[in-house]
Amino acid sequence: MVDILHRVGIKSSLGDAYKAVATREGVAGWWTDDVGGDSKVGGALQFRFSADGKELGRFEATVLELKPDQRVLWQVTGGPVEWIGTQISFDLKQEGDYAVVLFKHHGWKEPVEFMHHCSTKWATFLMSMKSLVETGQGAPNPKDIKIDNWG
């Protein structure tokens with residue numbers, strides 16, 4: 001198994017960073033503006049991505065864990081075959097004026113080319129989250145940085 005790992009420091013409280021990853025409204029402000037479902041433990045979330053009015057893809061995840069100001073954990077249940085069965089986690093800690101987010105998309109079966117793409121996209125979206133929390137303005141899909149023909 002292989003993982004995508006990122007670390008980002010956000011000049012904010014843990015509470016503001018946590019809201020960005022633990023709520024539908026928060027995620028819609030930095031990842032994709034098309035988020036549906038229930039963001040409570042046991043709830044199912046749906047995420048849709050598009051470009052130029054065309055759907056690029058979608059996936060579903062179950063919320064496994066919510067520890068306020070500490071951790072969010074999702075289990076991917078639908079979407080690209082490479083994602084199904086993987087988990088996405090956000091672990092948070094305070095370091096001075098910064099909320100540090102340790103991001104992990106873990107459980108990939110092998111490091112296929114799509115994983116390389118997703119790693120870069122996760123980095124751009126995590127910077128979007130940093131911008132959202134620090135300035136109030138993120139760049140969620142479809143306003144995200146396009147890195148290639150996959151979106």
# chains A, B, ... in the order shown; residues from 1 in each chain; ligands from 1
>>> residues_around(residues="stretch 91-95 of chain A", least_positions_apart="3", cutoff="9 Å", atoms="only C-alpha atoms", output="ChimeraX atom specification")
/A:9,12-14,17-18,69-73,98-104
>>> write_last_selection(atoms="N, CA and C atoms", output="short mmCIF file (atom, residue, chain, number, x, y, z; two decimals), in the first residue's frame")
data_model
loop_
_atom_site.label_atom_id
_atom_site.label_comp_id
_atom_site.auth_asym_id
_atom_site.auth_seq_id
_atom_site.Cartn_x
_atom_site.Cartn_y
_atom_site.Cartn_z
N GLY A 9 0.64 24.45 7.14
CA GLY A 9 0.39 25.30 8.30
C GLY A 9 -0.54 26.44 7.90
N SER A 12 -4.17 30.23 11.90
CA SER A 12 -5.54 30.24 12.41
C SER A 12 -5.62 29.41 13.68
N SER A 13 -6.80 29.41 14.23
CA SER A 13 -7.08 28.53 15.37
C SER A 13 -7.37 27.13 14.84
N LEU A 14 -7.26 26.14 15.72
CA LEU A 14 -7.64 24.78 15.34
C LEU A 14 -9.12 24.71 14.97
N ALA A 17 -9.68 25.78 11.32
CA ALA A 17 -9.16 24.76 10.40
C ALA A 17 -10.04 23.52 10.43
N TYR A 18 -10.48 23.12 11.61
CA TYR A 18 -11.33 21.95 11.75
C TYR A 18 -12.64 22.13 10.97
N ASP A 69 -11.37 19.62 16.51
CA ASP A 69 -10.06 20.28 16.56
C ASP A 69 -8.88 19.31 16.53
N GLN A 70 -9.14 18.02 16.19
CA GLN A 70 -8.05 17.03 16.17
C GLN A 70 -7.99 16.20 14.89
N ARG A 71 -9.13 15.64 14.45
CA ARG A 71 -9.05 14.65 13.37
C ARG A 71 -10.38 14.50 12.65
N VAL A 72 -10.26 14.30 11.32
CA VAL A 72 -11.39 13.93 10.46
C VAL A 72 -10.92 12.75 9.62
N LEU A 73 -11.76 11.72 9.51
CA LEU A 73 -11.40 10.52 8.74
C LEU A 73 -12.58 10.10 7.88
N TYR A 98 -0.13 28.81 14.29
CA TYR A 98 -0.53 27.99 13.14
C TYR A 98 -1.27 26.73 13.55
N ALA A 99 -2.34 26.47 12.81
CA ALA A 99 -3.00 25.17 12.86
C ALA A 99 -2.31 24.33 11.79
N VAL A 100 -1.71 23.25 12.19
CA VAL A 100 -1.00 22.38 11.24
C VAL A 100 -1.93 21.24 10.86
N VAL A 101 -2.10 21.05 9.55
CA VAL A 101 -2.92 19.96 9.03
C VAL A 101 -1.99 18.91 8.43
N LEU A 102 -2.05 17.71 8.98
CA LEU A 102 -1.33 16.57 8.42
C LEU A 102 -2.36 15.78 7.62
N PHE A 103 -2.22 15.82 6.31
CA PHE A 103 -3.16 15.20 5.40
C PHE A 103 -2.61 13.86 4.94
N LYS A 104 -3.50 12.87 4.87
CA LYS A 104 -3.09 11.57 4.36
C LYS A 104 -4.23 10.98 3.53
#
>>> select_by_dssp(residues="stretch 41-126 of chain A", states="helix (DSSP H, G or I)", output="VMD selection string")
chain A and resid 113 to 126
>>> write_last_selection(atoms="C-alpha atoms", output="PDB file, in the first residue's frame")
ATOM      1  CA  GLU A 113      -0.065   7.604 -12.791  1.00  0.00           C
ATOM      2  CA  PHE A 114      -3.461   8.731 -11.466  1.00  0.00           C
ATOM      3  CA  MET A 115      -1.963   8.768  -7.963  1.00  0.00           C
ATOM      4  CA  HIS A 116       0.715  11.208  -9.149  1.00  0.00           C
ATOM      5  CA  HIS A 117      -2.040  13.454 -10.519  1.00  0.00           C
ATOM      6  CA  CYS A 118      -4.069  13.209  -7.308  1.00  0.00           C
ATOM      7  CA  SER A 119      -1.049  14.039  -5.151  1.00  0.00           C
ATOM      8  CA  THR A 120      -0.476  17.276  -7.055  1.00  0.00           C
ATOM      9  CA  LYS A 121      -4.184  18.132  -6.995  1.00  0.00           C
ATOM     10  CA  TRP A 122      -4.388  17.468  -3.247  1.00  0.00           C
ATOM     11  CA  ALA A 123      -1.491  19.908  -2.762  1.00  0.00           C
ATOM     12  CA  THR A 124      -3.283  22.622  -4.739  1.00  0.00           C
ATOM     13  CA  PHE A 125      -6.522  22.016  -2.853  1.00  0.00           C
ATOM     14  CA  LEU A 126      -4.757  22.112   0.523  1.00  0.00           C
TER      15      LEU A 126
END
>>> atom_distance(atom1="atom CA of A:Phe59", atom2="atom CA of A:Phe90")
17.8 Å
>>> closest_atom_pairs(of="stretch 90-132 of chain A", to="stretch 77-86 of chain A", cutoff="8 Å", atoms="only C-alpha atoms", output="tab-separated table")
residue	atom	partner	partner_atom	distance
A:His105	CA	A:Thr86	CA	6.9
A:His106	CA	A:Thr86	CA	5.7
A:Gly107	CA	A:Thr86	CA	4.7
A:Trp108	CA	A:Thr86	CA	6.1
A:Lys109	CA	A:Glu82	CA	7.5
>>> closest_residue(among="A:Ala28, A:Ala44, A:Val63, A:Ile145", to="A:Ile88", atoms="only C-alpha atoms")
A:Val63
>>> select_by_dssp(residues="chain A", states="strand (DSSP E)", output="ChimeraX atom specification")
/A:2-11,34-37,44-51,54-67,71-78,87-95,98-108
>>> write_last_selection(atoms="C-alpha atoms", output="PDB file, in the first residue's frame")
ATOM      1  CA  VAL A   2       1.147   3.547  -0.716  1.00  0.00           C
ATOM      2  CA  ASP A   3      -0.019   6.906   0.601  1.00  0.00           C
ATOM      3  CA  ILE A   4      -0.243  10.562  -0.376  1.00  0.00           C
ATOM      4  CA  LEU A   5       1.041  12.748   2.467  1.00  0.00           C
ATOM      5  CA  HIS A   6       1.024  16.539   2.850  1.00  0.00           C
ATOM      6  CA  ARG A   7       1.563  19.028   5.674  1.00  0.00           C
ATOM      7  CA  VAL A   8       0.274  22.594   5.651  1.00  0.00           C
ATOM      8  CA  GLY A   9       0.391  25.298   8.297  1.00  0.00           C
ATOM      9  CA  ILE A  10      -2.555  27.666   8.436  1.00  0.00           C
ATOM     10  CA  LYS A  11      -2.357  30.880  10.443  1.00  0.00           C
ATOM     11  CA  ASP A  34     -20.548  20.582  -5.268  1.00  0.00           C
ATOM     12  CA  VAL A  35     -20.736  18.711  -1.949  1.00  0.00           C
ATOM     13  CA  GLY A  36     -23.787  16.790  -0.783  1.00  0.00           C
ATOM     14  CA  GLY A  37     -24.739  14.420   1.976  1.00  0.00           C
ATOM     15  CA  ALA A  44     -22.290   9.649   3.493  1.00  0.00           C
ATOM     16  CA  LEU A  45     -20.769  12.558   1.582  1.00  0.00           C
ATOM     17  CA  GLN A  46     -20.858  13.054  -2.196  1.00  0.00           C
ATOM     18  CA  PHE A  47     -18.316  15.164  -4.081  1.00  0.00           C
ATOM     19  CA  ARG A  48     -18.597  16.156  -7.771  1.00  0.00           C
ATOM     20  CA  PHE A  49     -15.918  17.784  -9.908  1.00  0.00           C
ATOM     21  CA  SER A  50     -16.412  19.611 -13.205  1.00  0.00           C
ATOM     22  CA  ALA A  51     -14.669  21.809 -15.760  1.00  0.00           C
ATOM     23  CA  LYS A  54     -18.675  18.965 -17.936  1.00  0.00           C
ATOM     24  CA  GLU A  55     -18.430  16.501 -15.088  1.00  0.00           C
ATOM     25  CA  LEU A  56     -14.873  15.260 -14.542  1.00  0.00           C
ATOM     26  CA  GLY A  57     -15.722  12.784 -11.827  1.00  0.00           C
ATOM     27  CA  ARG A  58     -17.383  12.122  -8.527  1.00  0.00           C
ATOM     28  CA  PHE A  59     -16.871  10.077  -5.444  1.00  0.00           C
ATOM     29  CA  GLU A  60     -18.581   9.125  -2.225  1.00  0.00           C
ATOM     30  CA  ALA A  61     -17.176   8.731   1.265  1.00  0.00           C
ATOM     31  CA  THR A  62     -18.439   7.695   4.672  1.00  0.00           C
ATOM     32  CA  VAL A  63     -17.427   9.826   7.650  1.00  0.00           C
ATOM     33  CA  LEU A  64     -15.686   7.422  10.049  1.00  0.00           C
ATOM     34  CA  GLU A  65     -14.311   9.786  12.645  1.00  0.00           C
ATOM     35  CA  LEU A  66     -14.752  13.379  13.838  1.00  0.00           C
ATOM     36  CA  LYS A  67     -12.653  14.514  16.795  1.00  0.00           C
ATOM     37  CA  ARG A  71      -9.050  14.645  13.375  1.00  0.00           C
ATOM     38  CA  VAL A  72     -11.392  13.932  10.459  1.00  0.00           C
ATOM     39  CA  LEU A  73     -11.403  10.522   8.739  1.00  0.00           C
ATOM     40  CA  TRP A  74     -13.323   9.451   5.620  1.00  0.00           C
ATOM     41  CA  GLN A  75     -13.594   6.032   3.947  1.00  0.00           C
ATOM     42  CA  VAL A  76     -13.991   6.225   0.153  1.00  0.00           C
ATOM     43  CA  THR A  77     -16.920   4.030  -0.915  1.00  0.00           C
ATOM     44  CA  GLY A  78     -17.503   5.080  -4.516  1.00  0.00           C
ATOM     45  CA  GLN A  87      -9.090   6.571   3.477  1.00  0.00           C
ATOM     46  CA  ILE A  88      -8.624  10.326   3.660  1.00  0.00           C
ATOM     47  CA  SER A  89      -7.586  11.829   6.978  1.00  0.00           C
ATOM     48  CA  PHE A  90      -6.898  15.289   8.315  1.00  0.00           C
ATOM     49  CA  ASP A  91      -5.004  15.378  11.622  1.00  0.00           C
ATOM     50  CA  LEU A  92      -4.693  18.792  13.261  1.00  0.00           C
ATOM     51  CA  LYS A  93      -2.430  20.289  15.906  1.00  0.00           C
ATOM     52  CA  GLN A  94      -1.637  23.814  17.054  1.00  0.00           C
ATOM     53  CA  GLU A  95       1.925  25.118  16.716  1.00  0.00           C
ATOM     54  CA  TYR A  98      -0.530  27.994  13.144  1.00  0.00           C
ATOM     55  CA  ALA A  99      -3.003  25.170  12.861  1.00  0.00           C
ATOM     56  CA  VAL A 100      -1.003  22.380  11.240  1.00  0.00           C
ATOM     57  CA  VAL A 101      -2.921  19.960   9.028  1.00  0.00           C
ATOM     58  CA  LEU A 102      -1.330  16.571   8.416  1.00  0.00           C
ATOM     59  CA  PHE A 103      -3.162  15.196   5.397  1.00  0.00           C
ATOM     60  CA  LYS A 104      -3.087  11.565   4.357  1.00  0.00           C
ATOM     61  CA  HIS A 105      -4.843   9.799   1.475  1.00  0.00           C
ATOM     62  CA  HIS A 106      -3.864   6.266   2.363  1.00  0.00           C
ATOM     63  CA  GLY A 107      -4.406   2.750   1.184  1.00  0.00           C
ATOM     64  CA  TRP A 108      -3.630   3.092  -2.523  1.00  0.00           C
TER      65      TRP A 108
END
>>> residues_around(residues="A:Ser128", least_positions_apart="6", cutoff="6 Å", atoms="only C-alpha atoms", output="CSV table (one decimal) with N, CA and C atoms, in the first residue's frame")
chain,number,residue,atom,x,y,z
A,30,TRP,N,-13.2,25.1,-0.3
A,30,TRP,CA,-11.8,24.9,-0.8
A,30,TRP,C,-11.6,23.7,-1.7
A,138,GLY,N,-11.3,30.6,-0.9
A,138,GLY,CA,-10.6,29.5,-1.4
A,138,GLY,C,-10.7,29.4,-2.9
A,139,ALA,N,-10.2,28.3,-3.5
A,139,ALA,CA,-10.4,28.1,-4.9
A,139,ALA,C,-10.8,26.7,-5.2
>>> closest_residue(among="A:Asp144, A:Leu132, A:Arg24, A:Asp16", to="A:Gly43", atoms="only C-alpha atoms")
A:Arg24
>>> decode(residues="stretch 66-115 of chain A", atoms="N, CA and C atoms", output="mmCIF file, in the first residue's frame")
data_model
loop_
_atom_site.group_PDB
_atom_site.id
_atom_site.type_symbol
_atom_site.label_atom_id
_atom_site.label_comp_id
_atom_site.auth_asym_id
_atom_site.auth_seq_id
_atom_site.Cartn_x
_atom_site.Cartn_y
_atom_site.Cartn_z
ATOM 1 N N LEU A 66 -14.805 11.931 13.648
ATOM 2 C CA LEU A 66 -14.752 13.379 13.838
ATOM 3 C C LEU A 66 -14.327 13.630 15.279
ATOM 4 N N LYS A 67 -13.120 14.125 15.460
ATOM 5 C CA LYS A 67 -12.653 14.514 16.795
ATOM 6 C C LYS A 67 -12.426 16.024 16.723
ATOM 7 N N PRO A 68 -13.329 16.803 17.301
ATOM 8 C CA PRO A 68 -13.225 18.257 17.178
ATOM 9 C C PRO A 68 -11.820 18.786 17.450
ATOM 10 N N ASP A 69 -11.367 19.621 16.512
ATOM 11 C CA ASP A 69 -10.056 20.283 16.563
ATOM 12 C C ASP A 69 -8.878 19.310 16.529
ATOM 13 N N GLN A 70 -9.136 18.019 16.187
ATOM 14 C CA GLN A 70 -8.050 17.033 16.167
ATOM 15 C C GLN A 70 -7.985 16.200 14.894
ATOM 16 N N ARG A 71 -9.127 15.639 14.454
ATOM 17 C CA ARG A 71 -9.050 14.645 13.375
ATOM 18 C C ARG A 71 -10.383 14.499 12.653
ATOM 19 N N VAL A 72 -10.263 14.301 11.321
ATOM 20 C CA VAL A 72 -11.392 13.932 10.459
ATOM 21 C C VAL A 72 -10.917 12.755 9.622
ATOM 22 N N LEU A 73 -11.757 11.716 9.509
ATOM 23 C CA LEU A 73 -11.403 10.522 8.739
ATOM 24 C C LEU A 73 -12.585 10.100 7.877
ATOM 25 N N TRP A 74 -12.320 9.926 6.575
ATOM 26 C CA TRP A 74 -13.323 9.451 5.620
ATOM 27 C C TRP A 74 -12.870 8.130 5.017
ATOM 28 N N GLN A 75 -13.824 7.276 4.690
ATOM 29 C CA GLN A 75 -13.594 6.032 3.947
ATOM 30 C C GLN A 75 -14.243 6.204 2.577
ATOM 31 N N VAL A 76 -13.454 6.070 1.504
ATOM 32 C CA VAL A 76 -13.991 6.225 0.153
ATOM 33 C C VAL A 76 -14.767 4.966 -0.222
ATOM 34 N N THR A 77 -16.030 5.155 -0.602
ATOM 35 C CA THR A 77 -16.920 4.030 -0.915
ATOM 36 C C THR A 77 -17.350 3.987 -2.370
ATOM 37 N N GLY A 78 -17.127 5.061 -3.107
ATOM 38 C CA GLY A 78 -17.503 5.080 -4.516
ATOM 39 C C GLY A 78 -16.685 6.110 -5.262
ATOM 40 N N GLY A 79 -16.504 5.887 -6.554
ATOM 41 C CA GLY A 79 -15.734 6.816 -7.372
ATOM 42 C C GLY A 79 -14.716 6.078 -8.212
ATOM 43 N N PRO A 80 -13.596 6.743 -8.520
ATOM 44 C CA PRO A 80 -12.555 6.075 -9.307
ATOM 45 C C PRO A 80 -12.113 4.782 -8.622
ATOM 46 N N VAL A 81 -11.916 3.750 -9.401
ATOM 47 C CA VAL A 81 -11.563 2.438 -8.848
ATOM 48 C C VAL A 81 -10.332 2.524 -7.946
ATOM 49 N N GLU A 82 -9.386 3.394 -8.293
ATOM 50 C CA GLU A 82 -8.162 3.526 -7.494
ATOM 51 C C GLU A 82 -8.439 4.095 -6.104
ATOM 52 N N TRP A 83 -9.544 4.822 -5.953
ATOM 53 C CA TRP A 83 -9.871 5.457 -4.677
ATOM 54 C C TRP A 83 -10.696 4.563 -3.766
ATOM 55 N N ILE A 84 -11.479 3.664 -4.328
ATOM 56 C CA ILE A 84 -12.397 2.866 -3.523
ATOM 57 C C ILE A 84 -11.607 2.038 -2.503
ATOM 58 N N GLY A 85 -12.015 2.158 -1.245
ATOM 59 C CA GLY A 85 -11.327 1.462 -0.155
ATOM 60 C C GLY A 85 -10.218 2.265 0.492
ATOM 61 N N THR A 86 -9.834 3.393 -0.116
ATOM 62 C CA THR A 86 -8.817 4.231 0.512
ATOM 63 C C THR A 86 -9.455 5.083 1.604
ATOM 64 N N GLN A 87 -8.608 5.668 2.432
ATOM 65 C CA GLN A 87 -9.090 6.571 3.477
ATOM 66 C C GLN A 87 -8.396 7.915 3.337
ATOM 67 N N ILE A 88 -9.135 8.958 3.696
ATOM 68 C CA ILE A 88 -8.624 10.326 3.660
ATOM 69 C C ILE A 88 -8.720 10.871 5.078
ATOM 70 N N SER A 89 -7.581 11.314 5.608
ATOM 71 C CA SER A 89 -7.586 11.829 6.978
ATOM 72 C C SER A 89 -6.938 13.201 7.045
ATOM 73 N N PHE A 90 -7.426 13.969 7.998
ATOM 74 C CA PHE A 90 -6.898 15.289 8.315
ATOM 75 C C PHE A 90 -6.637 15.282 9.818
ATOM 76 N N ASP A 91 -5.369 15.299 10.212
ATOM 77 C CA ASP A 91 -5.004 15.378 11.622
ATOM 78 C C ASP A 91 -4.514 16.793 11.886
ATOM 79 N N LEU A 92 -4.990 17.397 12.967
ATOM 80 C CA LEU A 92 -4.693 18.792 13.261
ATOM 81 C C LEU A 92 -3.987 18.947 14.597
ATOM 82 N N LYS A 93 -3.094 19.932 14.654
ATOM 83 C CA LYS A 93 -2.430 20.289 15.906
ATOM 84 C C LYS A 93 -2.069 21.767 15.836
ATOM 85 N N GLN A 94 -1.994 22.399 16.987
ATOM 86 C CA GLN A 94 -1.637 23.814 17.054
ATOM 87 C C GLN A 94 -0.144 23.940 17.302
ATOM 88 N N GLU A 95 0.510 24.788 16.515
ATOM 89 C CA GLU A 95 1.925 25.118 16.716
ATOM 90 C C GLU A 95 2.031 26.635 16.671
ATOM 91 N N GLY A 96 2.042 27.251 17.829
ATOM 92 C CA GLY A 96 2.076 28.711 17.890
ATOM 93 C C GLY A 96 0.820 29.294 17.259
ATOM 94 N N ASP A 97 1.016 30.210 16.313
ATOM 95 C CA ASP A 97 -0.102 30.853 15.627
ATOM 96 C C ASP A 97 -0.680 29.995 14.500
ATOM 97 N N TYR A 98 -0.131 28.814 14.287
ATOM 98 C CA TYR A 98 -0.530 27.994 13.144
ATOM 99 C C TYR A 98 -1.270 26.729 13.548
ATOM 100 N N ALA A 99 -2.342 26.473 12.808
ATOM 101 C CA ALA A 99 -3.003 25.170 12.861
ATOM 102 C C ALA A 99 -2.309 24.335 11.788
ATOM 103 N N VAL A 100 -1.710 23.251 12.185
ATOM 104 C CA VAL A 100 -1.003 22.380 11.240
ATOM 105 C C VAL A 100 -1.933 21.240 10.857
ATOM 106 N N VAL A 101 -2.096 21.048 9.550
ATOM 107 C CA VAL A 101 -2.921 19.960 9.028
ATOM 108 C C VAL A 101 -1.988 18.914 8.429
ATOM 109 N N LEU A 102 -2.051 17.713 8.982
ATOM 110 C CA LEU A 102 -1.330 16.571 8.416
ATOM 111 C C LEU A 102 -2.359 15.776 7.622
ATOM 112 N N PHE A 103 -2.219 15.823 6.313
ATOM 113 C CA PHE A 103 -3.162 15.196 5.397
ATOM 114 C C PHE A 103 -2.609 13.859 4.943
ATOM 115 N N LYS A 104 -3.500 12.872 4.865
ATOM 116 C CA LYS A 104 -3.087 11.565 4.357
ATOM 117 C C LYS A 104 -4.227 10.976 3.528
ATOM 118 N N HIS A 105 -3.914 10.583 2.298
ATOM 119 C CA HIS A 105 -4.843 9.799 1.475
ATOM 120 C C HIS A 105 -4.167 8.435 1.369
ATOM 121 N N HIS A 106 -4.615 7.514 2.222
ATOM 122 C CA HIS A 106 -3.864 6.266 2.363
ATOM 123 C C HIS A 106 -4.632 5.036 1.910
ATOM 124 N N GLY A 107 -3.829 4.016 1.592
ATOM 125 C CA GLY A 107 -4.406 2.750 1.184
ATOM 126 C C GLY A 107 -4.428 2.513 -0.312
ATOM 127 N N TRP A 108 -3.720 3.345 -1.083
ATOM 128 C CA TRP A 108 -3.630 3.092 -2.523
ATOM 129 C C TRP A 108 -2.947 1.742 -2.732
ATOM 130 N N LYS A 109 -3.453 0.971 -3.654
ATOM 131 C CA LYS A 109 -2.884 -0.364 -3.900
ATOM 132 C C LYS A 109 -1.521 -0.301 -4.579
ATOM 133 N N GLU A 110 -1.344 0.701 -5.474
ATOM 134 C CA GLU A 110 -0.063 0.868 -6.169
ATOM 135 C C GLU A 110 0.054 2.313 -6.645
ATOM 136 N N PRO A 111 1.296 2.778 -6.870
ATOM 137 C CA PRO A 111 1.508 4.170 -7.274
ATOM 138 C C PRO A 111 1.320 4.375 -8.784
ATOM 139 N N VAL A 112 0.083 4.267 -9.230
ATOM 140 C CA VAL A 112 -0.237 4.443 -10.649
ATOM 141 C C VAL A 112 -0.159 5.925 -11.028
ATOM 142 N N GLU A 113 -0.169 6.222 -12.322
ATOM 143 C CA GLU A 113 -0.065 7.604 -12.791
ATOM 144 C C GLU A 113 -1.163 8.493 -12.201
ATOM 145 N N PHE A 114 -2.362 7.959 -12.045
ATOM 146 C CA PHE A 114 -3.461 8.731 -11.466
ATOM 147 C C PHE A 114 -3.128 9.177 -10.044
ATOM 148 N N MET A 115 -2.368 8.382 -9.315
ATOM 149 C CA MET A 115 -1.963 8.768 -7.963
ATOM 150 C C MET A 115 -1.048 9.992 -8.009
#
